[in-house]
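Down below is the structure, laid out as structure tokens.
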Amino acid sequence: MQRLTLALMVIRHLLWIVLAGAAVAAQAAQSQFPVRPVRLVVPNVPGGATDMIARQLQMKISELWGQPVIVDNRAGASGGIAFALAAKAPSDGYTLLVSSVSITIVETTLARTLGAKPSRDLAGVTRLIELPHLFVVSTAVATTSVKGLVEHVKKTGARLNYATSAVGTYTQLDAIMFLKAAGIEMTVVPYKGGAGQFVPALMGNEAQVAMVNMASSLPHIRAGRMKALATTWPARRPELPDVPTMTESGFPGIGTNQWNGLFAPAHVPKPLLNRIHADVVKVMDTTAMKERLAKQFMSVVLSKTPAEFTEFLRQEVQKWRQVVIENNITVE
């Protein structure tokens, strides 16, 4: 009996040593993070706002970490391809996701199809930026106001193409809400690559109407390649003082301003999640970064903690779920 007791004590002691060693090793790995390249997954093709912010973050966080940070564009399935890639990655911080408000739409409309949920399978790190949107039309559309566009469609029966990001994204839901509020019909055409694809479509008159972020559209508006009819921002933008808001145009509450945030796979250890949060905030919350992003009409908006960002996401999912219910929206 004494031998058995002694053996159990030895086993418990060895087990404690193994567990303590593993904890120390994990803590050391987190404190040394990163020791190899980090991947930033982006659910859009290059050229859109989400890709822009990812590349700005990539440049500065790589300098801080002393390791390469690689932007990996994975467009498709309404962001589902990128989302699934990040969700299934090891929870070690080496795969991160830069995504937009659309990720909360995925939660609301496509979770069943994907077999996954962002709130369960991803950990929020922090918000990054907010970006105003514009309601724009092709130069081939003979109108200079939202009201004029609606009257034109009602009078002529014109069947215009309304360009959006992929099926199930906020731009598509905004399109459905606008058309319902206006009492008109258009052909809603989703582009899986987002603004990087549908902005050229607008300039080529393949599509005639869209709500698109200012970073992707303003240079083309100034060059006369498309026209801005309204902004979804709460007030008129100083860059376009003659362009009214959607509220002034008779459509209050219609149109979404984009936010982007950083996500990690679920179950990333809390100390590592906090470390990534602190480092990202450090590089984003600088005068140089804010001035650089302001040139792209992006306002830096950071979460104080990952928990604060998680609560923000919960509220966003609830809001969009209500939109889906109230408008009887289904995504096939």
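Here's how to read the names in the structure tokens: chain A, B, ... by the order shown, residue numbers from 1 in each chain, ligand numbers from 1 in the order shown.
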Going by DSSP on the backbone, which bits of range 16-203 of chain A are alpha helix (DSSP H)? Write them as a PyMOL selection string, please. chain A and resi 16-32+49-65+80-87+102-105+111-114+118-121+146-156+170-182+195-203
Convert the current residue selection to file output with C-alpha atoms, as a compact mmCIF listing (two decimals), in the first residue's frame.
# COMPACT_ATOMS: atom_id res chain seq x y z
CA TRP A 16 2.26 18.75 -12.21
CA ILE A 17 5.71 19.27 -13.71
CA VAL A 18 4.43 18.49 -17.23
CA LEU A 19 1.44 20.81 -16.88
CA ALA A 20 3.52 23.58 -15.35
CA GLY A 21 6.06 23.18 -18.12
CA ALA A 22 3.34 23.37 -20.76
CA ALA A 23 1.92 26.51 -19.17
CA VAL A 24 5.34 28.14 -19.06
CA ALA A 25 5.99 27.15 -22.67
CA ALA A 26 2.63 28.55 -23.77
CA GLN A 27 3.24 31.77 -21.87
CA ALA A 28 6.70 32.07 -23.41
CA ALA A 29 5.31 31.47 -26.90
CA GLN A 30 2.72 34.21 -26.36
CA SER A 31 5.27 36.69 -25.00
CA GLN A 32 7.56 36.05 -27.98
CA ALA A 49 -11.86 49.58 -48.55
CA THR A 50 -11.35 46.41 -46.50
CA ASP A 51 -8.27 45.57 -48.56
CA MET A 52 -7.01 49.14 -48.13
CA ILE A 53 -7.20 49.09 -44.33
CA ALA A 54 -5.66 45.62 -44.20
CA ARG A 55 -2.65 46.82 -46.18
CA GLN A 56 -2.22 49.92 -44.01
CA LEU A 57 -2.30 47.73 -40.91
CA GLN A 58 -0.01 45.19 -42.56
CA MET A 59 2.71 47.76 -43.17
CA LYS A 60 2.87 49.17 -39.63
CA ILE A 61 2.20 46.01 -37.59
CA SER A 62 4.91 44.20 -39.55
CA GLU A 63 7.38 46.89 -38.49
CA LEU A 64 6.33 46.53 -34.85
CA TRP A 65 6.44 42.75 -34.83
CA GLY A 80 -17.75 32.92 -46.20
CA ILE A 81 -14.53 31.60 -47.76
CA ALA A 82 -12.36 34.02 -45.80
CA PHE A 83 -14.46 33.59 -42.68
CA ALA A 84 -14.18 29.79 -42.77
CA LEU A 85 -10.44 29.97 -43.41
CA ALA A 86 -9.91 32.16 -40.35
CA ALA A 87 -12.35 30.22 -38.18
CA SER A 102 -20.73 42.35 -43.57
CA ILE A 103 -19.50 39.76 -41.08
CA THR A 104 -22.53 40.50 -38.89
CA ILE A 105 -24.75 40.00 -41.94
CA ALA A 111 -24.77 31.01 -40.65
CA ARG A 112 -26.96 28.01 -41.44
CA THR A 113 -25.51 27.68 -44.95
CA LEU A 114 -21.94 27.99 -43.73
CA PRO A 118 -18.73 34.39 -36.39
CA SER A 119 -19.83 34.97 -32.78
CA ARG A 120 -18.93 31.38 -31.95
CA ASP A 121 -16.02 30.65 -34.26
CA VAL A 146 -32.26 60.29 -55.59
CA LYS A 147 -35.78 61.64 -56.03
CA GLY A 148 -35.11 62.18 -59.72
CA LEU A 149 -33.83 58.61 -60.05
CA VAL A 150 -36.97 57.19 -58.45
CA GLU A 151 -39.23 59.32 -60.64
CA HIS A 152 -37.27 58.31 -63.75
CA VAL A 153 -37.69 54.60 -63.00
CA LYS A 154 -41.40 54.98 -62.22
CA LYS A 155 -42.07 57.06 -65.33
CA THR A 156 -40.06 55.07 -67.88
CA TYR A 170 -24.99 44.81 -46.02
CA THR A 171 -24.88 46.53 -49.43
CA GLN A 172 -27.34 43.97 -50.77
CA LEU A 173 -29.66 44.41 -47.79
CA ASP A 174 -29.38 48.18 -48.19
CA ALA A 175 -30.40 47.79 -51.85
CA ILE A 176 -33.44 45.71 -50.91
CA MET A 177 -34.45 48.25 -48.26
CA PHE A 178 -34.03 51.21 -50.63
CA LEU A 179 -36.03 49.63 -53.45
CA LYS A 180 -38.80 48.71 -51.03
CA ALA A 181 -38.90 52.22 -49.55
CA ALA A 182 -38.87 53.81 -53.02
CA ALA A 195 -16.32 47.46 -54.57
CA GLY A 196 -13.13 46.32 -56.26
CA GLN A 197 -15.35 44.70 -58.89
CA PHE A 198 -18.54 46.73 -59.02
CA VAL A 199 -16.91 50.17 -59.23
CA PRO A 200 -15.46 49.30 -62.68
CA ALA A 201 -18.90 47.93 -63.58
CA LEU A 202 -20.46 51.32 -62.75
CA MET A 203 -17.87 53.18 -64.79
From range 71-214 of chain A, collect each residue whose DSSP state is strand (DSSP E or B) and return the set as an NGL selection string. :A and (71-73 or 95-100 or 122-131 or 133-138 or 161-165 or 187-191 or 209-213)
Those residues you just picked out, can you put them in a file as an mmCIF file, in the first residue's frame with C-alpha atoms?
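So out.cif came out as:
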data_model
loop_
_atom_site.group_PDB
_atom_site.id
_atom_site.type_symbol
_atom_site.label_atom_id
_atom_site.label_comp_id
_atom_site.auth_asym_id
_atom_site.auth_seq_id
_atom_site.Cartn_x
_atom_site.Cartn_y
_atom_site.Cartn_z
ATOM 1 C CA VAL A 71 -2.442 39.987 -46.879
ATOM 2 C CA ASP A 72 -4.361 36.985 -48.241
ATOM 3 C CA ASN A 73 -7.353 38.038 -50.395
ATOM 4 C CA THR A 95 -4.051 33.848 -38.887
ATOM 5 C CA LEU A 96 -6.159 36.989 -38.440
ATOM 6 C CA LEU A 97 -9.151 38.309 -40.385
ATOM 7 C CA VAL A 98 -9.851 41.898 -41.416
ATOM 8 C CA SER A 99 -13.565 42.145 -42.151
ATOM 9 C CA SER A 100 -16.346 44.688 -42.328
ATOM 10 C CA LEU A 122 -14.156 33.974 -34.233
ATOM 11 C CA ALA A 123 -12.838 36.216 -31.484
ATOM 12 C CA GLY A 124 -13.153 39.957 -31.982
ATOM 13 C CA VAL A 125 -9.913 41.892 -31.452
ATOM 14 C CA THR A 126 -10.892 45.517 -32.133
ATOM 15 C CA ARG A 127 -12.722 47.845 -34.465
ATOM 16 C CA LEU A 128 -10.380 49.628 -36.840
ATOM 17 C CA ILE A 129 -12.133 52.316 -38.902
ATOM 18 C CA GLU A 130 -15.422 53.816 -40.044
ATOM 19 C CA LEU A 131 -16.000 54.924 -43.617
ATOM 20 C CA HIS A 133 -20.780 55.654 -48.198
ATOM 21 C CA LEU A 134 -22.251 57.408 -51.202
ATOM 22 C CA PHE A 135 -25.322 56.618 -53.283
ATOM 23 C CA VAL A 136 -23.947 56.769 -56.826
ATOM 24 C CA VAL A 137 -25.119 56.259 -60.394
ATOM 25 C CA SER A 138 -23.491 55.703 -63.740
ATOM 26 C CA ASN A 161 -28.862 47.203 -62.529
ATOM 27 C CA TYR A 162 -28.191 47.907 -58.844
ATOM 28 C CA ALA A 163 -24.660 46.717 -57.993
ATOM 29 C CA THR A 164 -23.909 45.332 -54.534
ATOM 30 C CA SER A 165 -21.271 43.243 -52.840
ATOM 31 C CA THR A 187 -32.094 44.105 -60.911
ATOM 32 C CA VAL A 188 -29.841 43.624 -57.885
ATOM 33 C CA VAL A 189 -26.511 42.325 -59.172
ATOM 34 C CA PRO A 190 -24.088 40.991 -56.524
ATOM 35 C CA TYR A 191 -20.322 41.118 -57.138
ATOM 36 C CA VAL A 209 -26.755 52.264 -59.319
ATOM 37 C CA ALA A 210 -24.869 51.423 -56.103
ATOM 38 C CA MET A 211 -24.032 52.477 -52.563
ATOM 39 C CA VAL A 212 -20.253 52.478 -52.335
ATOM 40 C CA ASN A 213 -17.675 53.721 -49.856
#
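The space separating CA of Met214 in chain A from CA of Thr305 in chain A comes to 28.1 Å.
Between Phe263 in chain A and the residues A:Leu240, A:Met289, A:Leu313, A:Ala158, the shortest atom-to-atom distance, using only C-alpha atoms, involves A:Leu313.
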